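Asks: Hey, dropping entry-v4.cif in here, mmCIF, N, CA and C atoms:
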data_model
#
loop_
_atom_site.label_atom_id
_atom_site.label_comp_id
_atom_site.auth_asym_id
_atom_site.auth_seq_id
_atom_site.Cartn_x
_atom_site.Cartn_y
_atom_site.Cartn_z
N MET A 1 6.09 0.72 5.06
CA MET A 1 5.16 1.13 4.05
C MET A 1 3.85 0.39 4.29
N GLY A 2 2.75 1.08 4.19
CA GLY A 2 1.45 0.45 4.32
C GLY A 2 0.80 0.25 2.96
N TRP A 3 -0.16 -0.64 2.92
CA TRP A 3 -0.91 -0.83 1.69
C TRP A 3 -2.29 -1.33 2.03
N ALA A 4 -3.22 -1.10 1.11
CA ALA A 4 -4.59 -1.55 1.29
C ALA A 4 -5.12 -1.98 -0.07
N LEU A 5 -5.89 -3.04 -0.07
CA LEU A 5 -6.50 -3.56 -1.29
C LEU A 5 -7.93 -3.04 -1.34
N GLY A 6 -8.23 -2.22 -2.32
CA GLY A 6 -9.57 -1.66 -2.46
C GLY A 6 -9.60 -0.60 -3.53
N ASP A 7 -10.74 0.07 -3.62
CA ASP A 7 -10.84 1.16 -4.59
C ASP A 7 -10.15 2.39 -4.03
N ARG A 8 -10.26 3.50 -4.71
CA ARG A 8 -9.58 4.72 -4.24
C ARG A 8 -10.50 5.57 -3.38
N GLY A 9 -11.45 4.96 -2.71
CA GLY A 9 -12.42 5.69 -1.91
C GLY A 9 -11.96 5.95 -0.49
N ALA A 10 -12.85 6.58 0.28
CA ALA A 10 -12.54 6.96 1.65
C ALA A 10 -12.33 5.75 2.56
N ALA A 11 -13.06 4.66 2.32
CA ALA A 11 -12.92 3.47 3.17
C ALA A 11 -11.51 2.88 3.05
N THR A 12 -10.97 2.82 1.85
CA THR A 12 -9.62 2.31 1.66
C THR A 12 -8.60 3.27 2.27
N ALA A 13 -8.85 4.56 2.15
CA ALA A 13 -7.94 5.55 2.76
C ALA A 13 -7.92 5.39 4.28
N ARG A 14 -9.06 5.05 4.88
CA ARG A 14 -9.09 4.85 6.33
C ARG A 14 -8.29 3.61 6.74
N VAL A 15 -8.28 2.57 5.89
CA VAL A 15 -7.44 1.39 6.16
C VAL A 15 -5.97 1.81 6.17
N LEU A 16 -5.58 2.65 5.23
CA LEU A 16 -4.20 3.16 5.22
C LEU A 16 -3.93 4.02 6.44
N GLN A 17 -4.91 4.81 6.86
CA GLN A 17 -4.74 5.68 8.02
C GLN A 17 -4.43 4.87 9.27
N GLN A 18 -5.03 3.70 9.42
CA GLN A 18 -4.78 2.85 10.59
C GLN A 18 -3.34 2.36 10.64
N GLN A 19 -2.65 2.36 9.50
CA GLN A 19 -1.28 1.88 9.45
C GLN A 19 -0.25 2.99 9.70
N LEU A 20 -0.71 4.23 9.77
CA LEU A 20 0.21 5.35 10.00
C LEU A 20 0.64 5.40 11.46
N PRO A 21 1.88 5.80 11.72
CA PRO A 21 2.30 5.97 13.11
C PRO A 21 1.55 7.14 13.73
N PRO A 22 1.44 7.18 15.07
CA PRO A 22 0.78 8.31 15.73
C PRO A 22 1.44 9.63 15.34
N SER A 23 0.65 10.69 15.26
CA SER A 23 1.16 12.00 14.81
C SER A 23 2.33 12.48 15.65
N ALA A 24 2.26 12.28 16.96
CA ALA A 24 3.32 12.78 17.85
C ALA A 24 4.66 12.11 17.57
N SER A 25 4.65 10.81 17.28
CA SER A 25 5.91 10.10 17.05
C SER A 25 6.37 10.19 15.60
N ALA A 26 5.55 10.78 14.72
CA ALA A 26 5.89 10.85 13.31
C ALA A 26 6.09 12.29 12.84
N ALA A 27 6.53 13.16 13.73
CA ALA A 27 6.70 14.57 13.37
C ALA A 27 7.75 14.76 12.28
N HIS A 28 8.68 13.83 12.15
CA HIS A 28 9.74 13.95 11.15
C HIS A 28 9.34 13.35 9.80
N ILE A 29 8.18 12.71 9.71
CA ILE A 29 7.75 12.05 8.48
C ILE A 29 6.92 13.02 7.64
N GLU A 30 7.24 13.09 6.34
CA GLU A 30 6.46 13.90 5.41
C GLU A 30 5.73 12.96 4.46
N TYR A 31 4.44 13.14 4.31
CA TYR A 31 3.61 12.32 3.43
C TYR A 31 3.39 13.07 2.12
N CYS A 32 3.60 12.39 1.00
CA CYS A 32 3.44 12.98 -0.32
C CYS A 32 2.37 12.20 -1.08
N THR A 33 1.34 12.90 -1.55
CA THR A 33 0.25 12.25 -2.27
C THR A 33 -0.12 13.09 -3.49
N ASP A 34 -1.00 12.50 -4.32
CA ASP A 34 -1.57 13.27 -5.42
C ASP A 34 -2.75 14.07 -4.87
N HIS A 35 -3.54 14.64 -5.73
CA HIS A 35 -4.63 15.53 -5.30
C HIS A 35 -5.91 14.76 -4.95
N HIS A 36 -5.82 13.50 -4.64
CA HIS A 36 -7.01 12.69 -4.36
C HIS A 36 -7.61 13.07 -3.00
N ARG A 37 -8.89 13.40 -2.98
CA ARG A 37 -9.55 13.96 -1.80
C ARG A 37 -9.48 13.08 -0.55
N PRO A 38 -9.69 11.75 -0.60
CA PRO A 38 -9.62 10.96 0.64
C PRO A 38 -8.28 11.07 1.38
N TYR A 39 -7.19 11.27 0.66
CA TYR A 39 -5.89 11.41 1.32
C TYR A 39 -5.82 12.69 2.14
N LEU A 40 -6.47 13.73 1.65
CA LEU A 40 -6.46 15.01 2.37
C LEU A 40 -7.10 14.86 3.75
N ALA A 41 -8.20 14.11 3.83
CA ALA A 41 -8.87 13.91 5.11
C ALA A 41 -8.05 13.02 6.04
N VAL A 42 -7.44 11.97 5.49
CA VAL A 42 -6.67 11.02 6.29
C VAL A 42 -5.41 11.67 6.85
N LEU A 43 -4.79 12.56 6.10
CA LEU A 43 -3.51 13.14 6.51
C LEU A 43 -3.65 14.53 7.12
N ALA A 44 -4.85 14.91 7.51
CA ALA A 44 -5.06 16.22 8.14
C ALA A 44 -4.23 16.29 9.43
N GLY A 45 -3.53 17.39 9.62
CA GLY A 45 -2.73 17.58 10.82
C GLY A 45 -1.35 16.96 10.75
N ARG A 46 -0.96 16.43 9.60
CA ARG A 46 0.37 15.83 9.42
C ARG A 46 1.13 16.63 8.37
N ARG A 47 2.45 16.43 8.30
CA ARG A 47 3.25 17.06 7.25
C ARG A 47 2.86 16.41 5.93
N HIS A 48 2.18 17.15 5.09
CA HIS A 48 1.59 16.58 3.88
C HIS A 48 1.90 17.48 2.69
N THR A 49 2.54 16.92 1.68
CA THR A 49 2.83 17.63 0.44
C THR A 49 1.99 17.01 -0.66
N VAL A 50 1.31 17.86 -1.42
CA VAL A 50 0.44 17.39 -2.49
C VAL A 50 1.07 17.75 -3.83
N GLY A 51 1.17 16.77 -4.72
CA GLY A 51 1.70 17.03 -6.06
C GLY A 51 2.31 15.78 -6.67
N LYS A 52 2.17 15.65 -7.97
CA LYS A 52 2.69 14.49 -8.68
C LYS A 52 4.22 14.43 -8.65
N ALA A 53 4.89 15.55 -8.49
CA ALA A 53 6.35 15.58 -8.50
C ALA A 53 6.94 14.80 -7.33
N HIS A 54 6.18 14.60 -6.27
CA HIS A 54 6.69 13.95 -5.07
C HIS A 54 6.25 12.49 -4.94
N THR A 55 5.51 11.97 -5.90
CA THR A 55 5.00 10.61 -5.79
C THR A 55 5.67 9.64 -6.76
N HIS A 56 6.80 10.05 -7.35
CA HIS A 56 7.43 9.22 -8.39
C HIS A 56 7.90 7.88 -7.86
N HIS A 57 8.34 7.80 -6.61
CA HIS A 57 8.86 6.54 -6.08
C HIS A 57 7.76 5.48 -5.98
N ILE A 58 6.63 5.84 -5.39
CA ILE A 58 5.54 4.86 -5.26
C ILE A 58 4.91 4.57 -6.62
N GLU A 59 4.85 5.56 -7.51
CA GLU A 59 4.32 5.30 -8.85
C GLU A 59 5.24 4.35 -9.61
N SER A 60 6.54 4.45 -9.39
CA SER A 60 7.49 3.51 -9.99
C SER A 60 7.25 2.09 -9.47
N LEU A 61 7.02 1.98 -8.17
CA LEU A 61 6.73 0.67 -7.58
C LEU A 61 5.42 0.11 -8.13
N ASN A 62 4.39 0.94 -8.25
CA ASN A 62 3.12 0.49 -8.82
C ASN A 62 3.30 0.03 -10.26
N ASN A 63 4.14 0.72 -11.02
CA ASN A 63 4.41 0.33 -12.40
C ASN A 63 5.09 -1.03 -12.45
N LYS A 64 6.03 -1.28 -11.54
CA LYS A 64 6.69 -2.59 -11.48
C LYS A 64 5.69 -3.69 -11.14
N LEU A 65 4.79 -3.41 -10.20
CA LEU A 65 3.77 -4.40 -9.85
C LEU A 65 2.88 -4.71 -11.05
N ARG A 66 2.49 -3.68 -11.82
CA ARG A 66 1.68 -3.92 -13.01
C ARG A 66 2.45 -4.72 -14.05
N CYS A 67 3.76 -4.53 -14.11
CA CYS A 67 4.59 -5.29 -15.04
C CYS A 67 4.62 -6.77 -14.65
N TYR A 68 4.76 -7.04 -13.35
CA TYR A 68 4.86 -8.42 -12.87
C TYR A 68 3.51 -9.13 -12.81
N LEU A 69 2.43 -8.38 -12.59
CA LEU A 69 1.10 -8.98 -12.43
C LEU A 69 0.14 -8.43 -13.48
N ALA A 70 -0.18 -9.24 -14.47
CA ALA A 70 -1.10 -8.80 -15.51
C ALA A 70 -2.47 -8.45 -14.93
N ARG A 71 -2.84 -9.06 -13.83
CA ARG A 71 -4.16 -8.81 -13.24
C ARG A 71 -4.30 -7.40 -12.69
N LEU A 72 -3.20 -6.64 -12.57
CA LEU A 72 -3.28 -5.26 -12.12
C LEU A 72 -3.44 -4.29 -13.29
N ARG A 73 -3.36 -4.81 -14.52
CA ARG A 73 -3.58 -3.97 -15.69
C ARG A 73 -5.06 -3.96 -16.03
N ARG A 74 -5.38 -3.51 -17.19
CA ARG A 74 -6.78 -3.52 -17.62
C ARG A 74 -7.30 -4.95 -17.67
N LYS A 75 -8.60 -5.10 -17.58
CA LYS A 75 -9.20 -6.44 -17.53
C LYS A 75 -8.94 -7.18 -18.85
N THR A 76 -8.24 -8.29 -18.74
CA THR A 76 -7.94 -9.15 -19.87
C THR A 76 -8.26 -10.57 -19.43
N HIS A 77 -7.61 -11.54 -20.01
CA HIS A 77 -7.79 -12.92 -19.55
C HIS A 77 -7.12 -13.14 -18.20
N ALA A 78 -6.19 -12.29 -17.85
CA ALA A 78 -5.45 -12.44 -16.59
C ALA A 78 -5.98 -11.45 -15.56
N TYR A 79 -7.17 -11.69 -15.04
CA TYR A 79 -7.70 -10.83 -13.99
C TYR A 79 -8.15 -11.67 -12.82
N SER A 80 -8.17 -11.08 -11.65
CA SER A 80 -8.57 -11.79 -10.44
C SER A 80 -10.08 -11.74 -10.30
N LYS A 81 -10.67 -12.89 -10.03
CA LYS A 81 -12.12 -12.94 -9.83
C LYS A 81 -12.48 -12.66 -8.38
N SER A 82 -11.50 -12.65 -7.51
CA SER A 82 -11.78 -12.37 -6.10
C SER A 82 -10.65 -11.51 -5.52
N ALA A 83 -10.98 -10.76 -4.48
CA ALA A 83 -9.97 -9.95 -3.81
C ALA A 83 -8.91 -10.83 -3.17
N GLN A 84 -9.30 -12.01 -2.70
CA GLN A 84 -8.34 -12.92 -2.07
C GLN A 84 -7.29 -13.39 -3.08
N ALA A 85 -7.71 -13.70 -4.31
CA ALA A 85 -6.75 -14.12 -5.33
C ALA A 85 -5.78 -13.00 -5.67
N LEU A 86 -6.29 -11.77 -5.74
CA LEU A 86 -5.41 -10.63 -6.00
C LEU A 86 -4.45 -10.42 -4.85
N ARG A 87 -4.95 -10.51 -3.61
CA ARG A 87 -4.08 -10.36 -2.43
C ARG A 87 -2.98 -11.41 -2.43
N ASP A 88 -3.34 -12.66 -2.72
CA ASP A 88 -2.35 -13.74 -2.74
C ASP A 88 -1.29 -13.50 -3.81
N ALA A 89 -1.70 -13.00 -4.97
CA ALA A 89 -0.74 -12.70 -6.03
C ALA A 89 0.19 -11.57 -5.62
N LEU A 90 -0.36 -10.54 -4.97
CA LEU A 90 0.49 -9.44 -4.49
C LEU A 90 1.48 -9.93 -3.44
N LEU A 91 1.04 -10.79 -2.53
CA LEU A 91 1.94 -11.32 -1.50
C LEU A 91 3.07 -12.13 -2.14
N PHE A 92 2.74 -12.88 -3.18
CA PHE A 92 3.75 -13.67 -3.88
C PHE A 92 4.81 -12.77 -4.52
N ILE A 93 4.36 -11.71 -5.20
CA ILE A 93 5.30 -10.80 -5.85
C ILE A 93 6.15 -10.07 -4.83
N TRP A 94 5.54 -9.64 -3.71
CA TRP A 94 6.33 -8.96 -2.67
C TRP A 94 7.44 -9.88 -2.18
N ARG A 95 7.16 -11.15 -2.06
CA ARG A 95 8.16 -12.12 -1.59
C ARG A 95 9.26 -12.32 -2.64
N ARG A 96 8.86 -12.57 -3.89
CA ARG A 96 9.83 -12.93 -4.93
C ARG A 96 10.64 -11.74 -5.44
N LYS A 97 10.01 -10.60 -5.65
CA LYS A 97 10.67 -9.47 -6.29
C LYS A 97 11.25 -8.45 -5.32
N PHE A 98 10.63 -8.30 -4.14
CA PHE A 98 11.03 -7.23 -3.24
C PHE A 98 11.61 -7.73 -1.93
N GLY A 99 11.70 -9.05 -1.74
CA GLY A 99 12.34 -9.60 -0.55
C GLY A 99 11.53 -9.52 0.72
N ALA A 100 10.25 -9.23 0.63
CA ALA A 100 9.41 -9.13 1.83
C ALA A 100 8.74 -10.47 2.08
N VAL A 101 8.82 -10.95 3.31
CA VAL A 101 8.15 -12.18 3.71
C VAL A 101 6.84 -11.76 4.37
N LEU A 102 5.74 -11.94 3.66
CA LEU A 102 4.43 -11.52 4.17
C LEU A 102 3.63 -12.76 4.55
N GLN A 103 3.13 -12.79 5.76
CA GLN A 103 2.34 -13.92 6.24
C GLN A 103 0.94 -13.43 6.55
N THR A 104 -0.06 -14.07 5.97
CA THR A 104 -1.43 -13.66 6.26
C THR A 104 -1.86 -14.25 7.58
N GLN A 105 -2.59 -13.45 8.33
CA GLN A 105 -3.18 -13.87 9.60
C GLN A 105 -4.63 -13.41 9.58
N VAL A 106 -5.37 -13.75 10.58
CA VAL A 106 -6.75 -13.31 10.65
C VAL A 106 -6.75 -11.80 10.88
N GLY A 107 -7.24 -11.06 9.90
CA GLY A 107 -7.38 -9.62 10.04
C GLY A 107 -6.14 -8.80 9.76
N CYS A 108 -4.99 -9.42 9.50
CA CYS A 108 -3.81 -8.61 9.21
C CYS A 108 -2.78 -9.43 8.46
N ILE A 109 -1.79 -8.74 7.96
CA ILE A 109 -0.64 -9.36 7.31
C ILE A 109 0.59 -8.99 8.11
N GLU A 110 1.46 -9.95 8.35
CA GLU A 110 2.70 -9.64 9.05
C GLU A 110 3.81 -9.54 8.02
N SER A 111 4.46 -8.39 7.98
CA SER A 111 5.51 -8.12 7.00
C SER A 111 6.87 -8.18 7.68
N THR A 112 7.74 -9.03 7.16
CA THR A 112 9.10 -9.10 7.67
C THR A 112 10.05 -9.12 6.49
N ARG A 113 10.88 -8.10 6.38
CA ARG A 113 11.95 -8.13 5.39
C ARG A 113 13.23 -8.46 6.14
N LEU A 114 14.23 -8.84 5.43
CA LEU A 114 15.47 -9.27 6.07
C LEU A 114 16.10 -8.16 6.89
N TRP A 115 15.85 -6.90 6.55
CA TRP A 115 16.49 -5.79 7.23
C TRP A 115 15.53 -5.04 8.16
N ASP A 116 14.32 -5.52 8.35
CA ASP A 116 13.33 -4.82 9.18
C ASP A 116 12.86 -5.68 10.34
N GLU A 117 12.25 -5.02 11.30
CA GLU A 117 11.53 -5.69 12.36
C GLU A 117 10.16 -6.08 11.83
N PRO A 118 9.49 -7.10 12.40
CA PRO A 118 8.15 -7.46 11.95
C PRO A 118 7.17 -6.29 12.08
N VAL A 119 6.29 -6.17 11.10
CA VAL A 119 5.30 -5.10 11.08
C VAL A 119 3.92 -5.72 10.87
N GLN A 120 2.93 -5.34 11.65
CA GLN A 120 1.56 -5.81 11.48
C GLN A 120 0.82 -4.84 10.55
N ILE A 121 0.25 -5.35 9.47
CA ILE A 121 -0.50 -4.54 8.52
C ILE A 121 -1.94 -5.04 8.52
N PRO A 122 -2.91 -4.24 8.99
CA PRO A 122 -4.31 -4.68 8.99
C PRO A 122 -4.84 -4.84 7.58
N ILE A 123 -5.66 -5.87 7.36
CA ILE A 123 -6.32 -6.04 6.05
C ILE A 123 -7.80 -6.21 6.25
#
Could the structure of this file be written out as structure tokens, please?
Replies:
Amino acid sequence: MGWALGDRGAATARVLQQQLPPSASAAHIEYCTDHHRPYLAVLAGRRHTVGKAHTHHIESLNNKLRCYLARLRRKTHAYSKSAQALRDALLFIWRRKFGAVLQTQVGCIESTRLWDEPVQIPI
């Protein structure tokens, strides 16, 4: 799974695009998104299904993250003043709640879960 820290604009969608496997080797993968326009451009030429009915799994994960991290909810006393603080909080939750060991490096995050091979995620 890839992730990017940013707004819902085209630049953040391009960061996600860099994490996708090449089209030829991912012919069996189907991507499901909502009707957000930047995803349409990023996933052009891939198996892509658009609709809220197919995004329940990731929306459930996002809901859990908002539950664990108040800074992902509306701006209250618990908000991040910097993107780095938010990234560090997300890395902590991924480690504690989801079993992912994420290590920050220059320009990327290395993700290793107990059942996966190491994965490089550009940031």
Asks: Just say which residues the PyMOL selection byres (((chain A and resi 42-48 and name CA) around 9) and name CA) picks in this file, as a compact mmCIF listing (two decimals) with N, CA and C atoms, in the coordinates of the input.
Replies:
# COMPACT_ATOMS: atom_id res chain seq x y z
N ALA A 10 -12.85 6.58 0.28
CA ALA A 10 -12.54 6.96 1.65
C ALA A 10 -12.33 5.75 2.56
N ALA A 13 -8.85 4.56 2.15
CA ALA A 13 -7.94 5.55 2.76
C ALA A 13 -7.92 5.39 4.28
N ARG A 14 -9.06 5.05 4.88
CA ARG A 14 -9.09 4.85 6.33
C ARG A 14 -8.29 3.61 6.74
N LEU A 16 -5.58 2.65 5.23
CA LEU A 16 -4.20 3.16 5.22
C LEU A 16 -3.93 4.02 6.44
N GLN A 17 -4.91 4.81 6.86
CA GLN A 17 -4.74 5.68 8.02
C GLN A 17 -4.43 4.87 9.27
N SER A 23 0.65 10.69 15.26
CA SER A 23 1.16 12.00 14.81
C SER A 23 2.33 12.48 15.65
N ALA A 26 5.55 10.78 14.72
CA ALA A 26 5.89 10.85 13.31
C ALA A 26 6.09 12.29 12.84
N ALA A 27 6.53 13.16 13.73
CA ALA A 27 6.70 14.57 13.37
C ALA A 27 7.75 14.76 12.28
N HIS A 28 8.68 13.83 12.15
CA HIS A 28 9.74 13.95 11.15
C HIS A 28 9.34 13.35 9.80
N ILE A 29 8.18 12.71 9.71
CA ILE A 29 7.75 12.05 8.48
C ILE A 29 6.92 13.02 7.64
N GLU A 30 7.24 13.09 6.34
CA GLU A 30 6.46 13.90 5.41
C GLU A 30 5.73 12.96 4.46
N TYR A 31 4.44 13.14 4.31
CA TYR A 31 3.61 12.32 3.43
C TYR A 31 3.39 13.07 2.12
N CYS A 32 3.60 12.39 1.00
CA CYS A 32 3.44 12.98 -0.32
C CYS A 32 2.37 12.20 -1.08
N THR A 33 1.34 12.90 -1.55
CA THR A 33 0.25 12.25 -2.27
C THR A 33 -0.12 13.09 -3.49
N PRO A 38 -9.69 11.75 -0.60
CA PRO A 38 -9.62 10.96 0.64
C PRO A 38 -8.28 11.07 1.38
N TYR A 39 -7.19 11.27 0.66
CA TYR A 39 -5.89 11.41 1.32
C TYR A 39 -5.82 12.69 2.14
N LEU A 40 -6.47 13.73 1.65
CA LEU A 40 -6.46 15.01 2.37
C LEU A 40 -7.10 14.86 3.75
N ALA A 41 -8.20 14.11 3.83
CA ALA A 41 -8.87 13.91 5.11
C ALA A 41 -8.05 13.02 6.04
N THR A 49 2.54 16.92 1.68
CA THR A 49 2.83 17.63 0.44
C THR A 49 1.99 17.01 -0.66
N VAL A 50 1.31 17.86 -1.42
CA VAL A 50 0.44 17.39 -2.49
C VAL A 50 1.07 17.75 -3.83
Asks: For atom N of Phe92 (chain A) and atom N of Ile58 (chain A), quote the distance in Å rounded to one decimal.
Replies: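 Taking atom N of Phe92 (chain A) as the start and atom N of Ile58 (chain A) as the end point, the length is 19.2 Å.
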Asks: Neighbouring residues of region 2-7 of chain A were defined as those with any atom within 6.5 Å, considering all atoms listed in the file; residues of the same chain fewer than 5 positions away were excluded. Please report them as a ChimeraX atom specification.
Replies: /A:12,15-16,19
Asks: So the first atom is CA of Ser60 (chain A) and the second is atom N of Pro22 (chain A); what is the distance between them in Å, to one decimal place?
Replies: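 So the answer is 26.0 Å.
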Asks: Quick one, how far is atom C of Ala70 (chain A) from atom N of Thr55 (chain A)?
Replies: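 Separation of atom C of Ala70 (chain A) and atom N of Thr55 (chain A): 23.7 Å.
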